[in-house]
file query27.cif (mmCIF, C-alpha atoms)
data_query
loop_
_atom_site.label_atom_id
_atom_site.label_comp_id
_atom_site.auth_asym_id
_atom_site.auth_seq_id
_atom_site.Cartn_x
_atom_site.Cartn_y
_atom_site.Cartn_z
CA MET A 1 144.08 4.35 47.84
CA VAL A 2 142.14 2.83 50.70
CA ARG A 3 143.23 3.69 54.22
CA LEU A 4 142.38 2.47 57.72
CA ASN A 5 139.93 5.34 58.31
CA ASP A 6 137.98 4.26 55.18
CA ILE A 7 137.66 0.74 56.57
CA ALA A 8 136.63 2.03 60.00
CA ALA A 9 133.96 4.16 58.30
CA ALA A 10 132.77 1.12 56.34
CA GLN A 11 132.44 -0.80 59.60
CA LEU A 12 129.98 1.81 60.85
CA THR A 13 128.13 1.89 57.51
CA ILE A 14 127.46 -1.87 57.41
CA LEU A 15 126.76 -2.20 61.14
CA GLY A 16 123.47 -4.05 61.64
CA LYS A 17 123.15 -4.85 57.92
CA VAL A 18 125.89 -7.49 57.68
CA ARG A 19 126.65 -10.20 60.23
CA ARG A 20 129.64 -9.91 62.51
CA THR A 21 130.93 -13.43 62.05
CA PRO A 22 132.66 -15.44 64.79
CA LEU A 23 136.36 -16.25 65.06
CA VAL A 24 136.51 -19.78 66.46
CA ASP A 25 139.29 -22.03 67.69
CA SER A 26 140.10 -25.04 65.49
CA PRO A 27 141.66 -27.85 67.55
CA THR A 28 141.72 -30.10 64.47
CA VAL A 29 143.64 -27.74 62.18
CA SER A 30 145.83 -26.65 65.09
CA GLU A 31 146.85 -30.25 65.80
CA LEU A 32 147.58 -31.01 62.14
CA THR A 33 149.61 -27.85 61.55
CA ARG A 34 151.19 -27.45 65.00
CA ALA A 35 149.98 -23.85 65.09
CA GLU A 36 147.30 -22.18 67.19
CA VAL A 37 144.65 -21.79 64.49
CA ARG A 38 141.39 -19.86 64.54
CA LEU A 39 138.82 -19.77 61.74
CA LYS A 40 136.97 -16.62 60.66
CA LEU A 41 133.59 -17.99 59.55
CA GLU A 42 132.55 -15.72 56.69
CA ASN A 43 130.61 -18.68 55.29
CA LEU A 44 128.01 -17.80 57.95
CA GLN A 45 127.06 -14.53 56.25
CA PHE A 46 123.43 -14.39 55.11
CA THR A 47 124.42 -14.96 51.47
CA GLY A 48 127.21 -17.31 52.44
CA SER A 49 130.32 -15.18 51.84
CA PHE A 50 132.31 -12.09 52.82
CA LYS A 51 131.14 -10.33 49.64
CA GLU A 52 128.19 -8.89 51.56
CA ARG A 53 130.50 -6.44 53.29
CA GLY A 54 131.81 -4.70 50.18
CA ALA A 55 128.49 -4.77 48.33
CA CYS A 56 126.64 -3.33 51.30
CA ASN A 57 129.17 -0.53 51.81
CA ARG A 58 129.22 0.39 48.11
CA LEU A 59 125.43 0.46 47.73
CA GLU A 60 124.85 2.32 51.00
CA LEU A 61 127.24 5.08 49.90
CA MET A 62 125.79 5.30 46.38
CA PRO A 63 124.03 8.64 45.66
CA ALA A 64 120.28 8.53 45.03
CA GLU A 65 120.78 9.47 41.36
CA GLU A 66 123.06 6.44 40.81
CA ARG A 67 120.68 4.10 42.65
CA ALA A 68 117.86 5.21 40.36
CA ARG A 69 119.89 4.23 37.29
CA GLY A 70 120.39 0.71 38.61
CA VAL A 71 123.59 -1.33 38.74
CA VAL A 72 125.18 -3.97 36.54
CA THR A 73 127.88 -6.26 37.83
CA ALA A 74 129.73 -9.46 36.97
CA SER A 75 130.38 -12.29 39.38
CA ALA A 76 131.27 -15.94 39.72
CA GLY A 77 128.45 -16.12 42.25
CA ASN A 78 129.14 -14.72 45.71
CA HIS A 79 129.37 -11.04 44.77
CA ALA A 80 126.22 -11.50 42.69
CA GLN A 81 124.19 -12.69 45.67
CA ALA A 82 125.54 -9.91 47.87
CA VAL A 83 124.69 -7.14 45.39
CA ALA A 84 121.28 -8.70 44.68
CA ARG A 85 120.39 -8.90 48.36
CA HIS A 86 121.44 -5.39 49.36
CA GLY A 87 120.18 -3.95 46.09
CA ALA A 88 116.74 -5.38 46.83
CA ARG A 89 116.88 -4.00 50.38
CA LEU A 90 117.65 -0.51 49.03
CA GLY A 91 115.29 -0.64 46.05
CA VAL A 92 118.08 -0.73 43.44
CA SER A 93 117.58 -2.62 40.17
CA VAL A 94 120.37 -5.19 39.78
CA THR A 95 121.57 -7.05 36.69
CA VAL A 96 124.28 -9.68 37.11
CA VAL A 97 126.31 -11.37 34.38
CA MET A 98 127.64 -14.74 35.53
CA PRO A 99 129.84 -17.30 33.71
CA GLU A 100 127.87 -20.10 32.08
CA ALA A 101 129.48 -22.71 34.35
CA THR A 102 128.48 -20.94 37.59
CA PRO A 103 127.17 -23.49 40.13
CA LEU A 104 123.37 -23.69 40.12
CA VAL A 105 123.18 -22.93 43.85
CA LYS A 106 124.69 -19.47 43.24
CA VAL A 107 122.53 -18.70 40.19
CA THR A 108 119.31 -19.72 41.96
CA ALA A 109 120.14 -17.72 45.10
CA THR A 110 120.90 -14.59 43.05
CA ARG A 111 117.60 -14.80 41.18
CA ARG A 112 115.77 -15.39 44.47
CA PHE A 113 116.83 -11.91 45.59
CA GLY A 114 115.17 -10.42 42.51
CA ALA A 115 118.20 -9.73 40.32
CA GLN A 116 118.19 -10.27 36.57
CA VAL A 117 120.80 -12.97 35.85
CA ILE A 118 122.49 -13.34 32.47
CA LEU A 119 124.67 -16.40 31.96
CA SER A 120 127.44 -15.59 29.50
CA GLY A 121 131.10 -16.41 28.98
CA ALA A 122 133.40 -19.24 29.88
CA ASN A 123 134.88 -17.41 32.88
CA TYR A 124 134.57 -14.33 35.08
CA ASP A 125 136.58 -12.11 32.73
CA GLU A 126 134.28 -12.80 29.77
CA ALA A 127 131.24 -12.16 31.96
CA ALA A 128 132.78 -8.90 33.17
CA SER A 129 133.31 -7.74 29.60
CA LEU A 130 129.62 -8.14 28.82
CA ALA A 131 128.62 -6.51 32.11
CA ALA A 132 130.69 -3.40 31.31
CA LYS A 133 129.07 -3.23 27.87
CA LEU A 134 125.55 -3.53 29.30
CA SER A 135 126.16 -0.85 31.92
CA ALA A 136 127.25 1.59 29.19
CA GLU A 137 124.25 0.77 27.00
CA ARG A 138 121.78 1.17 29.89
CA ASN A 139 123.49 4.14 31.54
CA ALA A 140 123.64 2.00 34.69
CA VAL A 141 126.37 2.01 37.33
CA TYR A 142 128.97 -0.71 36.83
CA LEU A 143 129.68 -2.13 40.29
CA HIS A 144 133.10 -3.77 40.19
CA PRO A 145 133.34 -6.87 42.40
CA PHE A 146 136.82 -6.12 43.73
CA ASP A 147 138.67 -3.16 42.14
CA ASP A 148 136.60 -0.48 43.87
CA PRO A 149 137.75 1.48 46.95
CA TRP A 150 134.35 1.29 48.73
CA VAL A 151 134.13 -2.45 48.07
CA ILE A 152 137.69 -2.97 49.32
CA ALA A 153 136.96 -0.90 52.43
CA GLY A 154 133.92 -3.07 53.13
CA GLN A 155 135.93 -6.27 52.80
CA GLY A 156 138.58 -4.81 55.08
CA THR A 157 136.14 -4.93 57.99
CA VAL A 158 136.95 -8.66 58.20
CA GLY A 159 140.44 -7.66 59.32
CA LEU A 160 139.17 -5.22 61.94
CA GLU A 161 136.91 -7.88 63.45
CA ILE A 162 139.72 -10.44 63.58
CA LEU A 163 142.04 -8.00 65.37
CA ALA A 164 139.30 -7.05 67.82
CA ASP A 165 138.70 -10.72 68.70
CA ALA A 166 142.37 -11.79 68.70
CA PRO A 167 144.74 -8.83 69.06
CA GLU A 168 147.65 -11.15 69.87
CA LEU A 169 147.72 -12.84 66.44
CA ASP A 170 150.97 -13.51 64.58
CA ALA A 171 149.48 -14.07 61.11
CA ILE A 172 146.27 -13.96 59.07
CA VAL A 173 145.75 -16.21 56.03
CA VAL A 174 143.39 -14.92 53.34
CA PRO A 175 142.07 -16.38 50.04
CA VAL A 176 142.97 -14.35 46.93
CA GLY A 177 140.94 -13.97 43.74
CA GLY A 178 140.64 -10.49 42.29
CA GLY A 179 142.24 -9.17 45.45
CA GLY A 180 139.47 -7.17 47.13
CA LEU A 181 139.42 -9.22 50.32
CA ILE A 182 143.15 -9.46 50.89
CA ALA A 183 143.69 -5.81 49.93
CA GLY A 184 141.14 -4.65 52.48
CA VAL A 185 142.20 -7.06 55.22
CA ALA A 186 145.89 -6.33 54.71
CA CYS A 187 145.31 -2.58 54.85
CA ALA A 188 143.24 -2.86 58.02
CA VAL A 189 145.72 -5.19 59.71
CA LYS A 190 149.00 -3.58 58.72
CA GLU A 191 147.86 -0.05 59.52
CA SER A 192 146.61 -1.30 62.90
CA ASN A 193 149.50 -3.63 63.76
CA PRO A 194 152.32 -3.95 61.21
CA ASN A 195 153.80 -6.91 63.12
CA VAL A 196 150.99 -9.23 62.03
CA ARG A 197 151.88 -11.18 58.88
CA VAL A 198 149.26 -11.14 56.12
CA LEU A 199 149.49 -14.21 53.89
CA GLY A 200 147.50 -14.77 50.70
CA VAL A 201 146.55 -18.05 49.02
CA GLU A 202 145.57 -18.65 45.40
CA ALA A 203 144.58 -21.73 43.42
CA ARG A 204 147.58 -22.89 41.40
CA ARG A 205 145.49 -22.81 38.23
CA PHE A 206 144.74 -19.11 38.76
CA PRO A 207 147.89 -17.52 40.28
CA SER A 208 146.79 -14.08 39.07
CA MET A 209 147.96 -11.99 42.02
CA LYS A 210 151.27 -13.79 42.34
CA TYR A 211 151.98 -13.16 38.67
CA ALA A 212 150.74 -9.58 38.88
CA LEU A 213 153.14 -8.77 41.72
CA GLU A 214 156.03 -10.13 39.67
CA SER A 215 155.24 -8.09 36.52
CA VAL A 216 155.06 -4.43 35.58
CA LEU A 217 151.46 -4.74 34.38
CA PRO A 218 149.01 -7.36 35.72
CA PRO A 219 148.83 -10.09 33.07
CA ALA A 220 145.68 -11.93 32.04
CA LEU A 221 146.30 -15.63 32.59
CA PRO A 222 144.87 -18.34 30.32
CA GLY A 223 143.05 -19.83 33.30
CA GLY A 224 141.57 -23.31 33.61
CA LYS A 225 139.01 -25.24 35.62
CA THR A 226 139.20 -25.20 39.40
CA ILE A 227 136.95 -26.22 42.29
CA ALA A 228 137.85 -22.83 43.78
CA ASP A 229 135.56 -21.04 41.30
CA GLY A 230 135.10 -18.07 43.64
CA ILE A 231 138.75 -17.04 43.14
CA ALA A 232 139.08 -18.07 39.49
CA VAL A 233 140.08 -14.61 38.23
CA ARG A 234 142.43 -14.21 35.25
CA ARG A 235 143.33 -10.57 35.94
CA VAL A 236 143.46 -8.86 39.33
CA GLY A 237 142.51 -5.25 39.88
CA GLU A 238 144.99 -2.39 39.62
CA LEU A 239 144.02 -0.97 43.00
CA THR A 240 143.99 -4.39 44.68
CA ARG A 241 147.41 -5.12 43.18
CA GLU A 242 148.90 -1.93 44.60
CA LEU A 243 147.45 -2.51 48.06
CA THR A 244 148.58 -6.14 48.05
CA LYS A 245 152.05 -5.12 46.95
CA GLN A 246 152.22 -2.58 49.77
CA TYR A 247 150.79 -4.64 52.64
CA VAL A 248 150.85 -8.40 51.95
CA ASP A 249 153.86 -10.41 53.10
CA GLU A 250 153.57 -13.49 50.90
CA ILE A 251 151.37 -15.27 48.35
CA ALA A 252 151.26 -19.09 48.16
CA LEU A 253 149.60 -21.51 45.73
CA VAL A 254 147.64 -24.70 46.43
CA ASP A 255 146.64 -27.58 44.16
CA GLU A 256 143.16 -28.92 43.41
CA ALA A 257 143.61 -32.09 45.46
CA GLU A 258 144.82 -30.03 48.42
CA ILE A 259 141.78 -27.75 48.21
CA ALA A 260 139.45 -30.77 48.07
CA GLN A 261 141.18 -32.27 51.11
CA ALA A 262 140.67 -29.04 53.05
CA VAL A 263 136.97 -28.87 52.09
CA LEU A 264 136.50 -32.45 53.30
CA LEU A 265 138.43 -31.88 56.53
CA LEU A 266 136.35 -28.82 57.39
CA LEU A 267 133.14 -30.68 56.62
CA GLU A 268 134.03 -33.86 58.50
CA ARG A 269 136.02 -32.57 61.45
CA GLU A 270 134.93 -28.95 61.90
CA LYS A 271 131.29 -29.53 60.86
CA THR A 272 131.33 -26.47 58.62
CA VAL A 273 130.53 -26.25 54.90
CA VAL A 274 133.11 -24.25 52.94
CA GLU A 275 133.47 -23.82 49.19
CA GLY A 276 136.75 -24.45 47.41
CA ALA A 277 137.72 -20.77 47.36
CA GLY A 278 137.02 -20.49 51.06
CA ALA A 279 139.14 -23.51 51.95
CA VAL A 280 142.41 -22.53 50.25
CA GLY A 281 143.82 -20.96 53.43
CA VAL A 282 143.36 -24.18 55.38
CA ALA A 283 144.85 -26.11 52.44
CA ALA A 284 147.95 -23.91 52.54
CA LEU A 285 148.39 -24.50 56.28
CA LEU A 286 147.89 -28.27 56.02
CA HIS A 287 150.57 -28.48 53.33
CA HIS A 288 152.99 -26.05 55.01
CA ARG A 289 153.07 -23.45 52.25
CA PHE A 290 154.26 -20.79 54.71
CA ALA A 291 157.40 -21.00 56.81
CA ASP A 292 157.72 -20.22 60.52
CA LEU A 293 154.07 -20.69 61.51
CA GLU A 294 154.62 -23.62 63.86
CA GLY A 295 153.63 -22.58 67.37
CA LYS A 296 152.27 -19.25 66.12
CA ARG A 297 148.78 -17.80 66.53
CA VAL A 298 147.12 -17.83 63.11
CA ALA A 299 143.68 -16.77 61.86
CA VAL A 300 142.36 -18.21 58.60
CA VAL A 301 139.53 -16.57 56.70
CA LEU A 302 136.95 -19.07 55.45
CA SER A 303 135.63 -16.67 52.84
CA GLY A 304 132.52 -18.50 51.65
CA GLY A 305 130.34 -21.58 51.85
CA ASN A 306 128.36 -21.57 48.60
CA ILE A 307 129.37 -24.95 47.24
CA ASP A 308 127.32 -27.09 44.88
CA VAL A 309 126.04 -30.27 46.55
CA ASN A 310 127.11 -32.36 43.55
CA LEU A 311 130.67 -31.09 43.99
CA ILE A 312 130.50 -31.90 47.71
CA SER A 313 129.51 -35.45 46.79
CA ARG A 314 132.47 -35.83 44.43
CA ILE A 315 134.87 -34.36 46.99
CA ILE A 316 133.61 -36.74 49.67
CA GLU A 317 133.96 -39.80 47.43
CA HIS A 318 137.43 -38.75 46.28
CA GLY A 319 138.46 -38.12 49.88
CA LEU A 320 137.19 -41.52 51.00
CA VAL A 321 139.29 -43.20 48.32
CA GLN A 322 142.36 -41.15 49.23
CA THR A 323 142.08 -42.13 52.90
CA GLY A 324 141.35 -45.83 52.34
CA ARG A 325 137.70 -45.71 53.32
CA LEU A 326 136.41 -46.61 49.88
CA ALA A 327 137.91 -49.33 47.69
CA ARG A 328 137.04 -51.03 44.42
CA PHE A 329 137.96 -54.61 43.53
CA VAL A 330 137.43 -56.32 40.18
CA VAL A 331 137.42 -60.10 40.73
CA THR A 332 137.59 -62.75 38.00
CA VAL A 333 135.48 -65.81 38.85
CA PRO A 334 134.14 -68.92 37.07
CA ASP A 335 130.71 -68.33 35.53
CA VAL A 336 128.91 -70.91 37.64
CA SER A 337 126.12 -70.81 40.16
CA GLY A 338 126.98 -69.99 43.77
CA VAL A 339 130.19 -68.11 43.02
CA LEU A 340 128.72 -64.70 43.91
CA ALA A 341 127.53 -65.97 47.27
CA ALA A 342 130.96 -67.43 48.02
CA LEU A 343 132.73 -64.20 47.08
CA THR A 344 130.46 -62.00 49.20
CA ARG A 345 130.98 -64.39 52.12
CA VAL A 346 134.73 -63.77 51.99
CA VAL A 347 134.13 -60.02 51.93
CA ALA A 348 131.67 -60.29 54.82
CA ASP A 349 134.21 -62.23 56.89
CA SER A 350 136.65 -59.33 56.42
CA ARG A 351 134.06 -56.92 57.89
CA ALA A 352 134.04 -54.77 54.76
CA ASN A 353 130.68 -53.36 53.70
CA ILE A 354 129.60 -53.84 50.08
CA LEU A 355 128.22 -50.56 48.70
CA GLU A 356 127.96 -51.55 45.03
CA ILE A 357 128.21 -54.79 43.08
CA ASN A 358 128.29 -55.30 39.32
CA HIS A 359 128.24 -58.74 37.66
CA ASP A 360 129.47 -58.40 34.04
CA ARG A 361 129.55 -61.30 31.55
CA ALA A 362 129.08 -59.64 28.18
CA PHE A 363 131.25 -56.51 28.12
CA SER A 364 134.11 -57.26 30.48
CA GLY A 365 136.45 -58.97 28.01
CA ALA A 366 136.70 -61.98 30.29
CA GLU A 367 137.30 -65.45 28.82
CA LEU A 368 134.34 -67.67 28.02
CA GLY A 369 133.30 -69.47 31.16
CA GLU A 370 134.47 -66.59 33.34
CA THR A 371 132.88 -63.37 34.52
CA LEU A 372 134.04 -60.21 36.27
CA ILE A 373 132.49 -59.04 39.50
CA GLU A 374 133.16 -55.45 40.50
CA LEU A 375 132.83 -54.64 44.20
CA VAL A 376 132.84 -51.17 45.76
CA LEU A 377 133.59 -51.60 49.46
CA GLU A 378 133.39 -49.37 52.52
CA THR A 379 136.57 -49.98 54.50
CA HIS A 380 138.33 -48.63 57.57
CA GLY A 381 141.66 -47.65 56.05
CA PHE A 382 144.50 -49.07 54.01
CA GLU A 383 145.27 -51.83 56.53
CA HIS A 384 141.71 -53.02 56.21
CA ILE A 385 141.98 -52.95 52.39
CA ALA A 386 145.16 -55.05 52.65
CA ASP A 387 143.30 -57.54 54.85
CA VAL A 388 140.51 -57.86 52.27
CA SER A 389 143.13 -58.43 49.57
CA ASP A 390 144.85 -61.14 51.62
CA ARG A 391 141.57 -62.97 52.24
CA LEU A 392 140.68 -62.91 48.55
CA ARG A 393 144.14 -64.16 47.61
CA VAL A 394 144.07 -66.97 50.17
CA SER A 395 140.63 -67.99 48.88
CA GLY A 396 142.08 -68.37 45.39
CA TYR A 397 140.53 -65.36 43.68
CA ARG A 398 142.22 -63.42 40.88
CA PHE A 399 141.51 -59.73 41.29
CA GLU A 400 142.66 -56.18 40.64
CA ARG A 401 142.27 -53.06 42.75
CA LYS A 402 141.05 -50.17 40.64
#
call {"tool": "encode", "arguments": {"input": "query27.cif", "output": "structure tokens"}}
result
Amino acid sequence: MVRLNDIAAAQLTILGKVRRTPLVDSPTVSELTRAEVRLKLENLQFTGSFKERGACNRLELMPAEERARGVVTASAGNHAQAVARHGARLGVSVTVVMPEATPLVKVTATRRFGAQVILSGANYDEAASLAAKLSAERNAVYLHPFDDPWVIAGQGTVGLEILADAPELDAIVVPVGGGGLIAGVACAVKESNPNVRVLGVEARRFPSMKYALESVLPPALPGGKTIADGIAVRRVGELTRELTKQYVDEIALVDEAEIAQAVLLLLEREKTVVEGAGAVGVAALLHHRFADLEGKRVAVVLSGGNIDVNLISRIIEHGLVQTGRLARFVVTVPDVSGVLAALTRVVADSRANILEINHDRAFSGAELGETLIELVLETHGFEHIADVSDRLRVSGYRFERK
């Protein structure tokens, strides 16, 4: 088992090799949750996530004979980059097996550090199976991404830094995947100050730790697709399960839409880029998944920021629709000259901005002599959308909001 002295030793081992990230006040999240919230910005690590801590500690403590054999690991992306970076720094050959659907930004960054990347499997667990096989065939060291005491101790340094910066905290909220981060943080926090609540958050589609704590043996879940790919783990570690069971107060689940909302809020209001896995703690606070936090001092770990730009684009568009800042109208009009100009004039008078326009005669299913015009509008909220609707109705247009 990992203990506080192991985490304190890890803090000395990684000193100067891993960034000590800031713990910053969040007026926005504090106002929305009615708690005094601070954000631990692990997305500012060199490789963009907390995984650097555990990988650095494990590789630094690895005997020369093991380093010479090289390491094989499996990862959904963040652990891969961390092992690749510190492996290159120490002259260790690194092979990483990543799921086939791993975001390109994580694959490219891992290769940039010089690691051999093999894309295999539909999820982390399938990738891990191949990685274990390769390590046996090559006589290489299999470096587990979370169920390893030196890795857990490295991740636990997050907890020590939070307590050093804010010793008066009431609670710490931590994302949960395989359990390495929350196991290390919870151990560091509870053995330093048992009065601080440690709260974990998982994606509802991968509630692996919650299920593991409720069963005799950790089950392997069927899984699914989630924007929180960094915590999409079907089976947690045995060691991480035991530490979580011993030290963690509560595990909550958040939905995909809630995660996306948190990513967008952090991007728009806090000006910080956080991946889905890193945003689950904020999502849980925004949707009040934990009781008795109002008025309390709470730290939230933003565990990583390696998000694909295409996913960011989809999250932004979805968020704009959800908040009434993007609207789509399909208007039926007579197929005669001048009708498009008249329609856009009505929209212009409402002060809505036309982002896209599509004029469809052939494939819309409209009656002969009619055509459908699809408008995508930039609006200022649902009241503004209602005003646009009223103006179109008064002007005699038949339309649908899509």
call {"tool": "closest_atom_pairs", "arguments": {"input": "query27.cif", "of": "range 300-327 of chain A", "to": "range 335-358 of chain A", "cutoff": "10 Å", "atoms": "all atoms listed in the file", "output": "CSV"}}
result
residue,atom,partner,partner_atom,distance
A:Arg325,CA,A:Ala352,CA,9.9
A:Leu326,CA,A:Leu355,CA,9.2
A:Ala327,CA,A:Ala352,CA,9.7
call {"tool": "atom_distance", "arguments": {"input": "query27.cif", "atom1": "CA of Gln155 in chain A", "atom2": "CA of Ser303 in chain A"}}
result
10.4 Å
call {"tool": "resolve_selection", "arguments": {"input": "query27.cif", "expression": "the PyMOL selection byres ((chain A and resi 35-43) around 10)", "output": "number ranges by chain"}}
result
A: 19-34, 44-52, 158-159, 161-162, 166, 169-174, 270, 272-275, 278, 281-282, 285, 292-306
call {"tool": "resolve_selection", "arguments": {"input": "query27.cif", "expression": "the PyMOL selection byres ((chain A and resi 242) around 12)", "output": "VMD selection string"}}
result
chain A and resid 1 to 2 147 149 179 to 180 182 to 184 186 to 187 209 212 to 218 236 to 241 243 to 248
call {"tool": "residues_around", "arguments": {"input": "query27.cif", "residues": "range 78-83 of chain A", "least_positions_apart": "3", "cutoff": "6 Å", "atoms": "all atoms listed in the file", "output": "ChimeraX atom specification"}}
result
/A:51-52,55,75,86-87,110
call {"tool": "atom_distance", "arguments": {"input": "query27.cif", "atom1": "CA of Val72 in chain A", "atom2": "CA of Thr102 in chain A"}}
result
17.3 Å
call {"tool": "resolve_selection", "arguments": {"input": "query27.cif", "expression": "the PyMOL selection byres ((chain A and resi 112) around 12)", "output": "PyMOL selection string"}}
result
chain A and resi 47+80-82+84-85+88+105-111+113-117
call {"tool": "closest_residue", "arguments": {"input": "query27.cif", "among": "A:Val151, A:Leu160, A:Leu264, A:Asp229", "to": "Ser313 in chain A", "atoms": "all atoms listed in the file"}}
result
A:Leu264
call {"tool": "atom_distance", "arguments": {"input": "query27.cif", "atom1": "CA of Gly276 in chain A", "atom2": "CA of Glu168 in chain A"}}
result
28.3 Å
call {"tool": "closest_residue", "arguments": {"input": "query27.cif", "among": "A:Val71, A:Val18, A:Val331, A:Ala10", "to": "Leu392 in chain A", "atoms": "only C-alpha atoms"}}
result
A:Val331
call {"tool": "residues_near_point", "arguments": {"input": "query27.cif", "point": "(127.8, -2.7, 59.0)", "cutoff": "10 Å", "atoms": "all atoms listed in the file", "output": "short mmCIF file (atom, residue, chain, number, x, y, z; two decimals) with C-alpha atoms, in the coordinates of the input"}}
result
data_model
loop_
_atom_site.label_atom_id
_atom_site.label_comp_id
_atom_site.auth_asym_id
_atom_site.auth_seq_id
_atom_site.Cartn_x
_atom_site.Cartn_y
_atom_site.Cartn_z
CA ALA A 9 133.96 4.16 58.30
CA ALA A 10 132.77 1.12 56.34
CA GLN A 11 132.44 -0.80 59.60
CA LEU A 12 129.98 1.81 60.85
CA THR A 13 128.13 1.89 57.51
CA ILE A 14 127.46 -1.87 57.41
CA LEU A 15 126.76 -2.20 61.14
CA GLY A 16 123.47 -4.05 61.64
CA LYS A 17 123.15 -4.85 57.92
CA VAL A 18 125.89 -7.49 57.68
CA ARG A 19 126.65 -10.20 60.23
CA ARG A 20 129.64 -9.91 62.51
CA GLU A 52 128.19 -8.89 51.56
CA ARG A 53 130.50 -6.44 53.29
CA GLY A 54 131.81 -4.70 50.18
CA CYS A 56 126.64 -3.33 51.30
CA ASN A 57 129.17 -0.53 51.81
CA GLU A 60 124.85 2.32 51.00
CA GLY A 154 133.92 -3.07 53.13
CA THR A 157 136.14 -4.93 57.99
#
call {"tool": "residues_near_point", "arguments": {"input": "query27.cif", "point": "(132.7, -18.1, 37.3)", "cutoff": "9 Å", "atoms": "all atoms listed in the file", "output": "MDAnalysis selection string"}}
result
chainID A and resid 75:77 98:103 121:125 127 229:233
call {"tool": "closest_residue", "arguments": {"input": "query27.cif", "among": "A:Gly324, A:Ile312, A:Tyr211, A:Pro167", "to": "Asn195 in chain A", "atoms": "all atoms listed in the file"}}
result
A:Pro167
call {"tool": "closest_residue", "arguments": {"input": "query27.cif", "among": "A:Ile7, A:Leu266, A:Leu90, A:Val141", "to": "Thr73 in chain A", "atoms": "only C-alpha atoms"}}
result
A:Val141
call {"tool": "closest_residue", "arguments": {"input": "query27.cif", "among": "A:Trp150, A:Phe206, A:Phe329, A:Tyr142", "to": "Ala386 in chain A", "atoms": "only C-alpha atoms"}}
result
A:Phe329
call {"tool": "build_atoms", "arguments": {"input": "query27.cif", "residues": "range 253-265 of chain A", "atoms": "N, CA and C atoms", "output": "PDB file, in the frame of the given file"}}
result
ATOM      1  N   LEU A 253     150.514 -20.821  46.642  1.00  0.00           N
ATOM      2  CA  LEU A 253     149.600 -21.510  45.730  1.00  0.00           C
ATOM      3  C   LEU A 253     149.272 -22.895  46.267  1.00  0.00           C
ATOM      4  N   VAL A 254     148.041 -23.353  46.017  1.00  0.00           N
ATOM      5  CA  VAL A 254     147.640 -24.700  46.430  1.00  0.00           C
ATOM      6  C   VAL A 254     147.006 -25.419  45.246  1.00  0.00           C
ATOM      7  N   ASP A 255     147.138 -26.750  45.238  1.00  0.00           N
ATOM      8  CA  ASP A 255     146.640 -27.580  44.160  1.00  0.00           C
ATOM      9  C   ASP A 255     145.191 -27.986  44.389  1.00  0.00           C
ATOM     10  N   GLU A 256     144.572 -28.517  43.335  1.00  0.00           N
ATOM     11  CA  GLU A 256     143.160 -28.920  43.410  1.00  0.00           C
ATOM     12  C   GLU A 256     142.931 -29.991  44.467  1.00  0.00           C
ATOM     13  N   ALA A 257     143.786 -31.010  44.488  1.00  0.00           N
ATOM     14  CA  ALA A 257     143.610 -32.090  45.460  1.00  0.00           C
ATOM     15  C   ALA A 257     143.756 -31.572  46.891  1.00  0.00           C
ATOM     16  N   GLU A 258     144.628 -30.602  47.091  1.00  0.00           N
ATOM     17  CA  GLU A 258     144.820 -30.030  48.420  1.00  0.00           C
ATOM     18  C   GLU A 258     143.600 -29.212  48.853  1.00  0.00           C
ATOM     19  N   ILE A 259     142.993 -28.517  47.900  1.00  0.00           N
ATOM     20  CA  ILE A 259     141.780 -27.750  48.210  1.00  0.00           C
ATOM     21  C   ILE A 259     140.652 -28.711  48.582  1.00  0.00           C
ATOM     22  N   ALA A 260     140.505 -29.780  47.793  1.00  0.00           N
ATOM     23  CA  ALA A 260     139.450 -30.770  48.070  1.00  0.00           C
ATOM     24  C   ALA A 260     139.646 -31.398  49.444  1.00  0.00           C
ATOM     25  N   GLN A 261     140.894 -31.689  49.791  1.00  0.00           N
ATOM     26  CA  GLN A 261     141.180 -32.270  51.110  1.00  0.00           C
ATOM     27  C   GLN A 261     140.770 -31.315  52.225  1.00  0.00           C
ATOM     28  N   ALA A 262     141.032 -30.029  52.032  1.00  0.00           N
ATOM     29  CA  ALA A 262     140.670 -29.040  53.050  1.00  0.00           C
ATOM     30  C   ALA A 262     139.152 -28.915  53.189  1.00  0.00           C
ATOM     31  N   VAL A 263     138.430 -28.927  52.056  1.00  0.00           N
ATOM     32  CA  VAL A 263     136.970 -28.870  52.090  1.00  0.00           C
ATOM     33  C   VAL A 263     136.422 -30.056  52.891  1.00  0.00           C
ATOM     34  N   LEU A 264     136.963 -31.246  52.614  1.00  0.00           N
ATOM     35  CA  LEU A 264     136.500 -32.450  53.300  1.00  0.00           C
ATOM     36  C   LEU A 264     136.836 -32.416  54.787  1.00  0.00           C
ATOM     37  N   LEU A 265     138.030 -31.977  55.127  1.00  0.00           N
ATOM     38  CA  LEU A 265     138.430 -31.880  56.530  1.00  0.00           C
ATOM     39  C   LEU A 265     137.507 -30.946  57.304  1.00  0.00           C
TER      40      LEU A 265
END
